[in-house]
Amino acid sequence: MTGNGNGTGDVAALREEIRRTRVELGETMELLAARADPKALVRHSAEQAKARMREQAALTVARVRERAAEQVRQVRAQAAHEPGALARGPLPWAAVAAGAVVTAVVLLVVRGRRR
């Protein structure tokens with residue numbers, strides 16, 4: 001079966017083409033098997049959900065910290081203008097409450113990352 005003009009081609013070239021086709025078919029089968037694996041799909045979905053939750057937690061912590069910082073700035077500004085105002089107004093309790101909320105959120109986020 002050497003190239004004698006009748007279109008049969010070179011045997012070695014045909015064998016190489018068959019080998020390449022088998023390799024490609026094997027790779028395709030592996031990809032299809034991976035897509036159909038329920039455990040892998042669930043694992044992938046869980047990883048995506050974890051990533052989204054971490055992102056949401058980070059955004060929430062950033063927002064809470066910013067709000068707490070704003071309240072601290074307000075308290076400091078009020079203390080600078082009216083030194084006695086802090087003792088008679090509810091603002092210190094708001095600052096303490098904001099600090100407690102920030103602490104609780106940070107603890108929940110840290111605890112959630114350890115799991």
# chains A, B, ... in the order shown; residues from 1 in each chain; ligands from 1

$ residues_around --residues "stretch 54-58 of chain A" --least-positions-apart "5" --cutoff "12 Å" --atoms "only C-alpha atoms" --output "number ranges by chain"
A: 47-49, 63-65, 105-115

$ write_last_selection --atoms "C-alpha atoms" --output "mmCIF file, in the first residue's frame"
data_model
loop_
_atom_site.group_PDB
_atom_site.id
_atom_site.type_symbol
_atom_site.label_atom_id
_atom_site.label_comp_id
_atom_site.auth_asym_id
_atom_site.auth_seq_id
_atom_site.Cartn_x
_atom_site.Cartn_y
_atom_site.Cartn_z
ATOM 1 C CA GLU A 47 -17.420 26.997 44.970
ATOM 2 C CA GLN A 48 -19.187 29.720 43.014
ATOM 3 C CA ALA A 49 -21.700 30.243 45.826
ATOM 4 C CA ARG A 63 -20.301 49.374 54.294
ATOM 5 C CA VAL A 64 -20.654 48.845 58.041
ATOM 6 C CA ARG A 65 -17.131 50.099 58.673
ATOM 7 C CA VAL A 105 -20.371 41.466 61.462
ATOM 8 C CA VAL A 106 -16.597 41.066 61.495
ATOM 9 C CA LEU A 107 -16.872 38.095 63.847
ATOM 10 C CA LEU A 108 -19.506 36.458 61.647
ATOM 11 C CA VAL A 109 -17.391 36.933 58.531
ATOM 12 C CA VAL A 110 -14.248 35.576 60.183
ATOM 13 C CA ARG A 111 -16.175 32.656 61.593
ATOM 14 C CA GLY A 112 -17.754 31.919 58.209
ATOM 15 C CA ARG A 113 -14.351 31.860 56.478
ATOM 16 C CA ARG A 114 -13.047 29.259 58.897
ATOM 17 C CA ARG A 115 -15.785 26.781 57.963
#

$ residues_around --residues "stretch 92-98 of chain A" --least-positions-apart "5" --cutoff "9 Å" --atoms "only C-alpha atoms" --output "number ranges by chain"
A: 64-65, 67-68, 71-72, 75, 86-87, 103

$ atom_distance --atom1 "atom CA of A:Val102" --atom2 "atom CA of A:Gln74"
16.8 Å

$ atom_distance --atom1 "atom CA of A:Ala104" --atom2 "atom CA of A:Ala62"
13.3 Å

$ closest_atom_pairs --of "stretch 29-106 of chain A" --to "stretch 18-24 of chain A" --cutoff "12 Å" --atoms "only C-alpha atoms" --output "JSON lines"
{"residue": "A:Met29", "atom": "CA", "partner": "A:Glu24", "partner_atom": "CA", "distance": 8.6}
{"residue": "A:Glu30", "atom": "CA", "partner": "A:Glu24", "partner_atom": "CA", "distance": 9.9}
{"residue": "A:Leu31", "atom": "CA", "partner": "A:Glu24", "partner_atom": "CA", "distance": 10.7}

$ write_last_selection --atoms "N, CA, C and O atoms" --output "JSON list (two decimals), in the first residue's frame"
[["chain", "number", "residue", "atom", "x", "y", "z"],
["A", 29, "MET", "N", -14.17, 12.71, 24.89],
["A", 29, "MET", "CA", -14.93, 11.87, 25.82],
["A", 29, "MET", "C", -14.67, 12.30, 27.27],
["A", 29, "MET", "O", -15.59, 12.31, 28.09],
["A", 30, "GLU", "N", -13.43, 12.66, 27.59],
["A", 30, "GLU", "CA", -13.12, 13.11, 28.94],
["A", 30, "GLU", "C", -13.87, 14.41, 29.27],
["A", 30, "GLU", "O", -14.40, 14.57, 30.37],
["A", 31, "LEU", "N", -13.92, 15.33, 28.31],
["A", 31, "LEU", "CA", -14.65, 16.59, 28.52],
["A", 31, "LEU", "C", -16.13, 16.34, 28.73],
["A", 31, "LEU", "O", -16.77, 16.93, 29.61]]

$ atom_distance --atom1 "atom CA of A:Thr60" --atom2 "atom CA of A:Val101"
11.2 Å

$ decode --residues "stretch 53-69 of chain A" --atoms "all heavy atoms" --output "compact mmCIF listing (two decimals), in the first residue's frame"
# COMPACT_ATOMS: atom_id res chain seq x y z
N MET A 53 -20.68 34.61 48.31
CA MET A 53 -20.96 34.93 49.71
C MET A 53 -19.79 35.70 50.32
O MET A 53 -19.99 36.64 51.09
CB MET A 53 -21.24 33.66 50.51
CG MET A 53 -22.55 32.99 50.14
SD MET A 53 -23.97 34.07 50.32
CE MET A 53 -24.02 34.25 52.07
N ARG A 54 -18.57 35.29 50.01
CA ARG A 54 -17.41 36.01 50.53
C ARG A 54 -17.39 37.44 50.01
O ARG A 54 -17.07 38.37 50.76
CB ARG A 54 -16.12 35.28 50.14
CG ARG A 54 -15.88 34.04 50.96
CD ARG A 54 -14.55 33.42 50.65
NE ARG A 54 -14.37 32.25 51.49
CZ ARG A 54 -13.85 31.12 51.08
NH1 ARG A 54 -13.42 31.00 49.84
NH2 ARG A 54 -13.72 30.10 51.90
N GLU A 55 -17.71 37.60 48.75
CA GLU A 55 -17.74 38.94 48.16
C GLU A 55 -18.82 39.79 48.84
O GLU A 55 -18.57 40.95 49.19
CB GLU A 55 -18.01 38.84 46.66
CG GLU A 55 -17.93 40.15 45.93
CD GLU A 55 -18.12 39.99 44.44
OE1 GLU A 55 -17.66 38.99 43.88
OE2 GLU A 55 -18.76 40.87 43.84
N GLN A 56 -20.00 39.22 49.04
CA GLN A 56 -21.08 39.94 49.71
C GLN A 56 -20.69 40.31 51.14
O GLN A 56 -20.96 41.42 51.61
CB GLN A 56 -22.37 39.10 49.73
CG GLN A 56 -23.06 39.02 48.40
CD GLN A 56 -23.69 40.34 48.03
OE1 GLN A 56 -23.93 41.20 48.85
NE2 GLN A 56 -23.96 40.50 46.75
N ALA A 57 -20.05 39.38 51.84
CA ALA A 57 -19.62 39.65 53.22
C ALA A 57 -18.60 40.77 53.25
O ALA A 57 -18.66 41.65 54.12
CB ALA A 57 -19.05 38.38 53.85
N ALA A 58 -17.67 40.75 52.32
CA ALA A 58 -16.66 41.81 52.27
C ALA A 58 -17.29 43.16 52.00
O ALA A 58 -16.93 44.17 52.62
CB ALA A 58 -15.61 41.48 51.21
N LEU A 59 -18.27 43.19 51.09
CA LEU A 59 -18.96 44.45 50.80
C LEU A 59 -19.74 44.94 52.02
O LEU A 59 -19.75 46.13 52.33
CB LEU A 59 -19.90 44.28 49.61
CG LEU A 59 -19.24 44.12 48.24
CD1 LEU A 59 -20.28 43.77 47.18
CD2 LEU A 59 -18.49 45.37 47.87
N THR A 60 -20.39 44.01 52.71
CA THR A 60 -21.17 44.38 53.89
C THR A 60 -20.26 44.92 54.99
O THR A 60 -20.57 45.94 55.62
CB THR A 60 -21.95 43.16 54.41
OG1 THR A 60 -22.82 42.70 53.37
CG2 THR A 60 -22.77 43.51 55.64
N VAL A 61 -19.14 44.25 55.21
CA VAL A 61 -18.20 44.72 56.22
C VAL A 61 -17.69 46.11 55.86
O VAL A 61 -17.60 47.00 56.72
CB VAL A 61 -17.03 43.73 56.38
CG1 VAL A 61 -15.90 44.34 57.18
CG2 VAL A 61 -17.51 42.46 57.05
N ALA A 62 -17.39 46.33 54.59
CA ALA A 62 -16.91 47.64 54.16
C ALA A 62 -17.97 48.72 54.39
O ALA A 62 -17.65 49.82 54.87
CB ALA A 62 -16.51 47.60 52.68
N ARG A 63 -19.22 48.40 54.07
CA ARG A 63 -20.30 49.37 54.29
C ARG A 63 -20.48 49.69 55.78
O ARG A 63 -20.63 50.85 56.16
CB ARG A 63 -21.62 48.84 53.72
CG ARG A 63 -21.79 49.18 52.27
CD ARG A 63 -23.20 48.85 51.81
NE ARG A 63 -23.08 47.83 50.79
CZ ARG A 63 -23.67 46.65 50.79
NH1 ARG A 63 -24.51 46.34 51.73
NH2 ARG A 63 -23.46 45.79 49.82
N VAL A 64 -20.46 48.64 56.60
CA VAL A 64 -20.65 48.84 58.04
C VAL A 64 -19.49 49.66 58.61
O VAL A 64 -19.70 50.56 59.43
CB VAL A 64 -20.80 47.49 58.76
CG1 VAL A 64 -20.72 47.64 60.26
CG2 VAL A 64 -22.13 46.84 58.37
N ARG A 65 -18.29 49.34 58.18
CA ARG A 65 -17.13 50.10 58.67
C ARG A 65 -17.23 51.56 58.27
O ARG A 65 -16.91 52.46 59.06
CB ARG A 65 -15.84 49.50 58.13
CG ARG A 65 -15.43 48.23 58.84
CD ARG A 65 -14.11 47.72 58.33
NE ARG A 65 -13.74 46.50 59.04
CZ ARG A 65 -12.83 45.67 58.65
NH1 ARG A 65 -12.15 45.91 57.53
NH2 ARG A 65 -12.55 44.60 59.35
N GLU A 66 -17.66 51.80 57.04
CA GLU A 66 -17.79 53.18 56.58
C GLU A 66 -18.85 53.92 57.39
O GLU A 66 -18.66 55.07 57.78
CB GLU A 66 -18.13 53.24 55.09
CG GLU A 66 -18.26 54.64 54.54
CD GLU A 66 -17.02 55.50 54.73
OE1 GLU A 66 -15.91 54.97 54.66
OE2 GLU A 66 -17.19 56.71 54.97
N ARG A 67 -19.96 53.28 57.66
CA ARG A 67 -21.01 53.92 58.46
C ARG A 67 -20.53 54.20 59.87
O ARG A 67 -20.81 55.26 60.44
CB ARG A 67 -22.26 53.04 58.49
CG ARG A 67 -23.01 53.05 57.19
CD ARG A 67 -24.24 52.19 57.25
NE ARG A 67 -24.87 52.11 55.95
CZ ARG A 67 -25.73 51.18 55.62
NH1 ARG A 67 -26.09 50.26 56.48
NH2 ARG A 67 -26.26 51.15 54.40
N ALA A 68 -19.81 53.24 60.45
CA ALA A 68 -19.28 53.44 61.80
C ALA A 68 -18.26 54.57 61.81
O ALA A 68 -18.26 55.40 62.73
CB ALA A 68 -18.65 52.15 62.32
N ALA A 69 -17.43 54.62 60.79
CA ALA A 69 -16.44 55.70 60.72
C ALA A 69 -17.12 57.05 60.58
O ALA A 69 -16.69 58.05 61.18
CB ALA A 69 -15.49 55.46 59.54
